[in-house]
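Visitor: Submitted below is the structure of interest, expressed as structure tokens.
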Amino acid sequence: MNVYDSERMTDILAPLGYAAADVPDDADLVILNTCHIREKAAEKIYSELGRLRQAKSRRERAGLTMTIAVAGCVAQAEGGEIVRRAPFVDMVFGPQTYHRLPEMMARVHRTSDVVMDTDFPTESKFDQLPAQSAPAGVAAFVTVQEGCDKFCTFCVVPYTRGAEFSRPIGQVLAEVGHLVHSGMHEITLLGQNVNAYHGAAEDGREWNLARLIVELARIKGLQRIRYTTSYPADMDDDLIAAHRDVPELMPFLHMPVQSGSDRVLQAMNRRHSANDYRRLVDRLRRARSDIAMSSDFIVGFPGETDADFSETMALVRDIGFSQAYSFKFSPRPGTQAAIDERQVPDAVKTERLDALQTALNAGQIAYNKCCIGRTMPVLFDRLGRHPGQLVGRSPYMQAVHVKAPPTMFGDVVDVRIVRAYANSLGGELAKIDERASYHESPSS
């Protein structure tokens with residue numbers, strides 16, 4: 001979502017004469033678009049600001065200026081702290097106010113004070129944004145839903161992104177149509193809880209995510225649809241059916257579970273049990289047998305015991321994830337879990353994370369190895385590191401490296417998988433008489 005927001009900031013600044021600089025030191029304006037989900041991400045900002053302060057001083061000695069802005073969720077949550085620790089910052093604004101950038105830039109030039117805008121405006125920023133320029137490449141992100149009403153006890157999103165909001169149907173269809181007309185073949189629909197989407201149609205009725213996907217699939221030239229991130233309790237029958245019935249919807253689903261322990265899930269204020277999650281995955285696999293599952297895990301949540309962690313490991317073995325993200329619990333200011341007295345020692349969190357990542361990595365490698373010998377369609381979306389190489393994405397979100405002519409960039413091409421690595425696949429262009437068989441479920 002920050003990638004999408006950064007692209008839209010570029011669109012907003014273009015009429016003011018701004019274009020992307022190759023390196024920050026050459027920029028008249030530097031915007032750090034930030035994430036507040038984990039402490040490590042937030043702390044990186046201050047080290048980067050220290051480096052930018054030196055660059056700003058060098059430019060001033062050369063008679064040039066540099067405006068420094070901090071945007072995004074850290075700005076929303078810690079605006080005052082940013083100004084205290086980095087008083088040379090010129091602008092601080094949250095993720096819901098970047099449509100006001102022209103006004104903020106004008107204020108910067110009129111005053112020596114820090115310009116701060118961390119409100120939750122009543123108007124939707126999406127109503128104020130200019131038409132989106134076509135991103136480079138053949139795949140694009142489109143935010144359709146923002147915010148969260150779930151209030152998981154570890155998460156800051158409700159406080160930094162606000163309440164759940166779904167963009168109107170017409171607005172989404174117009175943006176995707178424009179992107180596809182500009183050459184995009186794959187669209188990823190974004191939201192903090194994207195499957196809670198309930199956008200208003202012109203007739204006043206609400207569409208769920210499944211109906212939106214069905215309508216998007218009718219756009220000529222749109223070959224692939226993905227969405228992230230989904231919440232288990234919001235995975236409804238219509239969306240499961242869409243995975244079965246809409247061929248443009250890719251067989252890959254990122255659905256965070258966070259823990260395999262019901263006791264921990266309850267403490268997290270998650271609205272599902274571990275067995276709820278298992279049953280949901282079973283239903284998805286009955287609808288689309290080859291669907292690849294991805295997830296998020298938090299280890300060392302306050303009060304997590306060895307037995308709780310063992311239940312997480314059991315869930316990992318039961319599901320068989322094609323990939324997953326895992327992290328040590330990171331206390332976020334303002335959340336209930338941050339003040340829980342049952343904090344797990346960091347050494348224990350590290351040990352558990354190592355064990356979990358070992359299991360997840362082994363599962364990912366096993367999944368990739370099962371793809372060897374199969375032929376699947378790959379969308380070539382970037383150049384490889386080696387001459388004569390293109391890289392693309394399989395339907396299951398794996399990176400696939402192939403020796404192929406540059407004329408195939410942007411095409412969906414059948415590729416026979418011949419090698420498997422920890423984080424990618426190696427392939428060869430399929431022969432004309434080979435048919436794509438990616439819909440066959442890989443077994444681990």
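Naming works like this for the structure tokens: A, B, ... for the chains as they're shown, residue 1 at the start of each chain, ligands 1 onward in shown order.
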Hey, which bits of segment 142-254 of chain A sit within 12 Å of segment 77-87 of chain A, and for each residue what's the closest pair of atoms and how far apart in Å (one decimal), counting only C-alpha atoms, rows by chain and increasing number, as a Markdown table?

Guide:
| residue | atom | partner | partner_atom | distance |
| --- | --- | --- | --- | --- |
| A:Val156 | CA | A:Ala77 | CA | 8.5 |
| A:Val157 | CA | A:Ala77 | CA | 9.8 |
| A:Pro158 | CA | A:Ala77 | CA | 10.8 |
| A:Tyr159 | CA | A:Ala77 | CA | 7.4 |
| A:Thr160 | CA | A:Ala77 | CA | 6.1 |
| A:Arg161 | CA | A:Ala77 | CA | 9.8 |
| A:Gly162 | CA | A:Ala77 | CA | 11.3 |

Visitor: Got time to write the residues from that selection, C-alpha atoms, as a compact mmCIF listing (two decimals), in the first residue's frame?

Guide:
# COMPACT_ATOMS: atom_id res chain seq x y z
CA VAL A 156 -1.63 0.10 15.17
CA VAL A 157 -3.52 0.18 11.86
CA PRO A 158 -6.87 1.40 13.31
CA TYR A 159 -4.99 4.33 14.84
CA THR A 160 -2.83 5.21 11.83
CA ARG A 161 -5.11 4.38 8.89
CA GLY A 162 -8.45 4.92 10.60

Visitor: What's the 7 Å shell around segment 304-321 of chain A, counting only C-alpha atoms, without same-chain residues fewer than 5 positions away, as number ranges by chain?

Guide: A: 259-261, 264, 293-294, 356, 363-364

Visitor: Would you return as a ChimeraX atom specification the members of segment 85-267 of chain A that DSSP assigns to strand (DSSP E) on this structure's backbone?

Guide: /A:91-93,115-117,139-143,145-146,165-166,186-190,198-200,206-208,224-228,252-254

Visitor: Given the selection you just returned, output its residues as a file containing C-alpha atoms, formatted as a JSON list (two decimals), in the first residue's frame.

Guide:
[["chain", "number", "residue", "atom", "x", "y", "z"],
["A", 91, "MET", "CA", 6.71, 18.43, 6.74],
["A", 92, "VAL", "CA", 4.96, 15.63, 8.63],
["A", 93, "PHE", "CA", 1.74, 14.19, 7.26],
["A", 115, "VAL", "CA", 4.07, 21.90, 8.51],
["A", 116, "MET", "CA", 2.13, 19.07, 10.15],
["A", 117, "ASP", "CA", -1.09, 17.47, 8.89],
["A", 139, "ALA", "CA", 1.63, -5.03, -13.07],
["A", 140, "ALA", "CA", 0.11, -2.43, -10.77],
["A", 141, "PHE", "CA", -1.38, -1.97, -7.31],
["A", 142, "VAL", "CA", -4.80, -0.43, -6.72],
["A", 143, "THR", "CA", -5.98, 0.43, -3.22],
["A", 145, "GLN", "CA", -10.01, -0.53, 0.92],
["A", 146, "GLU", "CA", -8.22, 1.18, 3.79],
["A", 165, "PHE", "CA", -13.33, 2.57, 4.21],
["A", 166, "SER", "CA", -14.15, 1.09, 0.80],
["A", 186, "GLU", "CA", -1.97, -7.74, -13.69],
["A", 187, "ILE", "CA", -3.71, -5.81, -10.93],
["A", 188, "THR", "CA", -3.33, -6.41, -7.20],
["A", 189, "LEU", "CA", -6.22, -5.06, -5.13],
["A", 190, "LEU", "CA", -5.00, -3.66, -1.83],
["A", 198, "HIS", "CA", -18.09, -3.19, 0.55],
["A", 199, "GLY", "CA", -18.00, -0.50, -2.11],
["A", 200, "ALA", "CA", -21.04, 1.50, -3.14],
["A", 206, "GLU", "CA", -22.95, -2.40, -1.94],
["A", 207, "TRP", "CA", -20.70, -4.84, -3.74],
["A", 208, "ASN", "CA", -18.45, -7.25, -1.92],
["A", 224, "ARG", "CA", -4.50, -11.49, -13.80],
["A", 225, "ILE", "CA", -6.14, -10.35, -10.57],
["A", 226, "ARG", "CA", -4.71, -10.70, -7.07],
["A", 227, "TYR", "CA", -5.67, -9.22, -3.71],
["A", 228, "THR", "CA", -4.03, -8.71, -0.33],
["A", 252, "PHE", "CA", -2.56, -17.57, -4.48],
["A", 253, "LEU", "CA", -3.94, -16.27, -1.20],
["A", 254, "HIS", "CA", -2.15, -14.39, 1.57]]

Visitor: Could you state the separation of atom CA of Thr153 of chain A and atom CA of Asp346 of chain A in Å, given to one decimal place?

Guide: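 Between atom CA of Thr153 of chain A and atom CA of Asp346 of chain A the gap is 19.2 Å.
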
Visitor: Take atom CA of Leu101 of chain A and atom CA of Gly170 of chain A and report the distance between them in Å, one decimal.

Guide: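 Atom-to-atom, atom CA of Leu101 of chain A to atom CA of Gly170 of chain A, that is 25.0 Å.
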
Visitor: Near segment 407-415 of chain A, within 8 Å and counting only C-alpha atoms, which residues show up once chain neighbours fewer than 6 positions away are dropped, as JSON, numbers by chain?

Guide: {"A": [137, 138, 185, 375, 376, 377, 378, 379, 380, 381, 382, 383, 390, 427, 428, 429, 430, 435, 436]}

Visitor: Go ahead and save the picked residues with N, CA and C atoms, as a compact mmCIF listing (two decimals), in the first residue's frame.

Guide:
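Saved to again_19.txt:
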# COMPACT_ATOMS: atom_id res chain seq x y z
N GLY A 137 6.12 -0.84 -16.18
CA GLY A 137 5.93 -2.28 -16.09
C GLY A 137 4.55 -2.71 -16.55
N VAL A 138 4.18 -3.92 -16.15
CA VAL A 138 2.93 -4.50 -16.63
C VAL A 138 2.04 -4.96 -15.48
N HIS A 185 -1.24 -5.68 -17.24
CA HIS A 185 -1.88 -6.99 -17.43
C HIS A 185 -2.29 -7.62 -16.11
N THR A 375 4.48 -27.24 -16.34
CA THR A 375 4.45 -26.09 -17.24
C THR A 375 3.37 -25.14 -16.75
N MET A 376 3.76 -23.87 -16.60
CA MET A 376 2.81 -22.90 -16.06
C MET A 376 2.99 -21.56 -16.77
N PRO A 377 1.94 -20.75 -16.83
CA PRO A 377 2.04 -19.43 -17.46
C PRO A 377 2.76 -18.45 -16.55
N VAL A 378 3.71 -17.74 -17.10
CA VAL A 378 4.51 -16.77 -16.34
C VAL A 378 4.36 -15.41 -17.01
N LEU A 379 4.05 -14.39 -16.22
CA LEU A 379 4.00 -13.02 -16.72
C LEU A 379 5.38 -12.39 -16.53
N PHE A 380 6.07 -12.15 -17.63
CA PHE A 380 7.40 -11.55 -17.56
C PHE A 380 7.25 -10.06 -17.27
N ASP A 381 7.72 -9.64 -16.08
CA ASP A 381 7.51 -8.26 -15.67
C ASP A 381 8.79 -7.48 -15.37
N ARG A 382 9.95 -8.13 -15.53
CA ARG A 382 11.20 -7.39 -15.32
C ARG A 382 12.36 -8.14 -15.96
N LEU A 383 13.45 -7.40 -16.17
CA LEU A 383 14.66 -7.99 -16.72
C LEU A 383 15.40 -8.75 -15.63
N LEU A 390 14.81 -12.99 -18.54
CA LEU A 390 13.64 -12.29 -18.06
C LEU A 390 13.15 -12.97 -16.78
N GLY A 427 13.28 -21.75 -15.13
CA GLY A 427 12.47 -22.39 -16.14
C GLY A 427 13.03 -22.23 -17.54
N GLU A 428 12.38 -22.94 -18.46
CA GLU A 428 12.70 -22.86 -19.88
C GLU A 428 11.40 -22.59 -20.64
N LEU A 429 11.51 -21.87 -21.74
CA LEU A 429 10.33 -21.64 -22.56
C LEU A 429 9.76 -22.98 -23.00
N ALA A 430 8.47 -23.15 -22.80
CA ALA A 430 7.83 -24.43 -23.13
C ALA A 430 7.78 -24.61 -24.64
N ARG A 435 1.35 -28.06 -23.11
CA ARG A 435 0.20 -27.29 -22.65
C ARG A 435 0.38 -26.93 -21.19
N ALA A 436 -0.05 -25.71 -20.82
CA ALA A 436 0.06 -25.28 -19.42
C ALA A 436 -0.76 -26.19 -18.54

Visitor: To one decimal in Å, tell me the separation between atom CA of Asp245 of chain A and atom CA of Arg218 of chain A.

Guide: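 Taking atom CA of Asp245 of chain A as the start and atom CA of Arg218 of chain A as the end point, the length is 12.9 Å.
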
Visitor: Compare A:Ala287, A:Met9, A:Leu212, A:Val74 by their minimum atom-to-atom distance to Ile240 of chain A, counting only C-alpha atoms, and give me the closest one.

Guide: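 Between A:Ala287, A:Met9, A:Leu212, A:Val74, the residue approaching Ile240 of chain A most closely is A:Ala287.
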
Visitor: Hey, which of A:Val348, A:Ala242, A:Ala201, A:Val176 ends up closest to Ile219 of chain A? Count only C-alpha atoms.

Guide: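 Looking at the shortest contact to Ile219 of chain A, the residue is A:Val176.
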
Visitor: Can you tell me, as a PyMOL selection string, what residues are no more than 7 Å from Asp296 of chain A when counting only C-alpha atoms, ignoring any on the same chain fewer than 4 positions away?

Guide: chain A and resi 256-258+324-326

Visitor: Since we have the selection now, will you write its residues out, keeping C-alpha atoms, as a PDB file, in the first residue's frame?

Guide:
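Final output, saved to selection-v7.pdb:
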ATOM      1  CA  PRO A 256      -2.585 -14.085   7.981  1.00  0.00           C
ATOM      2  CA  VAL A 257      -3.295 -16.461  10.856  1.00  0.00           C
ATOM      3  CA  GLN A 258      -0.722 -14.995  13.338  1.00  0.00           C
ATOM      4  CA  ALA A 324       4.982 -16.985   4.828  1.00  0.00           C
ATOM      5  CA  TYR A 325       6.216 -14.013   6.806  1.00  0.00           C
ATOM      6  CA  SER A 326       7.160 -14.382  10.455  1.00  0.00           C
TER       7      SER A 326
END

Visitor: Taking only C-alpha atoms into account, which of A:Ile417, A:Ile37, A:Ala163, A:Ala355 comes nearest Gln96 of chain A?

Guide: A:Ala163

Visitor: Considering only C-alpha atoms, state which residue in the set A:Ala42, A:Gly334, A:Phe154, A:Asp25 is at the smallest distance from Gln54 of chain A.

Guide: A:Asp25

Visitor: Residues within 9 Å of Val344 of chain A, please, as a CSV table (one decimal) with N, CA and C atoms, in the first residue's frame. Count only C-alpha atoms; anything in the same chain fewer than 6 positions from it doesn't count.

Guide:
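Produced file around-v6.csv, reproduced below:
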chain,number,residue,atom,x,y,z
A,300,GLY,N,6.2,-15.1,20.2
A,300,GLY,CA,6.5,-14.4,21.4
A,300,GLY,C,5.5,-13.3,21.8
A,301,PHE,N,4.3,-13.5,21.4
A,301,PHE,CA,3.2,-12.6,21.9
A,301,PHE,C,3.1,-12.7,23.4
A,302,PRO,N,2.8,-11.6,24.1
A,302,PRO,CA,2.7,-11.7,25.5
A,302,PRO,C,1.9,-12.9,26.1
A,303,GLY,N,2.6,-13.6,26.9
A,303,GLY,CA,1.9,-14.8,27.5
A,303,GLY,C,2.0,-16.0,26.7
A,304,GLU,N,2.6,-16.0,25.6
A,304,GLU,CA,2.8,-17.2,24.7
A,304,GLU,C,3.7,-18.2,25.5
A,305,THR,N,3.2,-19.4,25.6
A,305,THR,CA,4.0,-20.5,26.3
A,305,THR,C,4.6,-21.4,25.2
A,329,PHE,N,7.3,-10.7,18.2
A,329,PHE,CA,6.3,-9.7,18.6
A,329,PHE,C,7.0,-8.4,18.9

Visitor: Nearest residue to Phe151 of chain A out of A:Ser230, A:Arg279, A:Gln192, A:Tyr46, using only C-alpha atoms?

Guide: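 Of A:Ser230, A:Arg279, A:Gln192, A:Tyr46, the one nearest Phe151 of chain A is A:Gln192, counting only C-alpha atoms.
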
Visitor: Extract the full set of alpha helix (DSSP H) residues from segment 66-172 of chain A according to DSSP on the backbone, and format it as a PyMOL selection string.

Guide: chain A and resi 73-85+101-110+157-160+169-172

Visitor: List the spatial neighbours of Met268 of chain A as a PyMOL selection string - criterion: any atom at most 6 Å away, only C-alpha atoms, same-chain residues fewer than 2 positions off excluded.

Guide: chain A and resi 152-153+265-266+270

Visitor: Residues at most 9 Å from Pro102 of chain A, counting only C-alpha atoms, excluding those fewer than 4 positions away in the same chain, as a PDB file with C-alpha atoms, in the first residue's frame?

Guide:
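Saved file part.pdb follows:
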ATOM      1  CA  ILE A  12       0.127  14.951  -7.170  1.00  0.00           C
ATOM      2  CA  LEU A  13       3.545  16.615  -7.313  1.00  0.00           C
ATOM      3  CA  LEU A  16       4.114  21.451  -9.414  1.00  0.00           C
ATOM      4  CA  TYR A  98      -1.198  13.367   1.187  1.00  0.00           C
ATOM      5  CA  ALA A 106       3.042  26.233  -0.355  1.00  0.00           C
ATOM      6  CA  ARG A 107       3.004  26.531   3.428  1.00  0.00           C
TER       7      ARG A 107
END

Visitor: Could you check which of A:Asn193, A:Ser330, A:Thr10, A:Gln343 is closest to His36 of chain A, using only C-alpha atoms?

Guide: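 Among the listed residues, the smallest separation from His36 of chain A belongs to A:Ser330.
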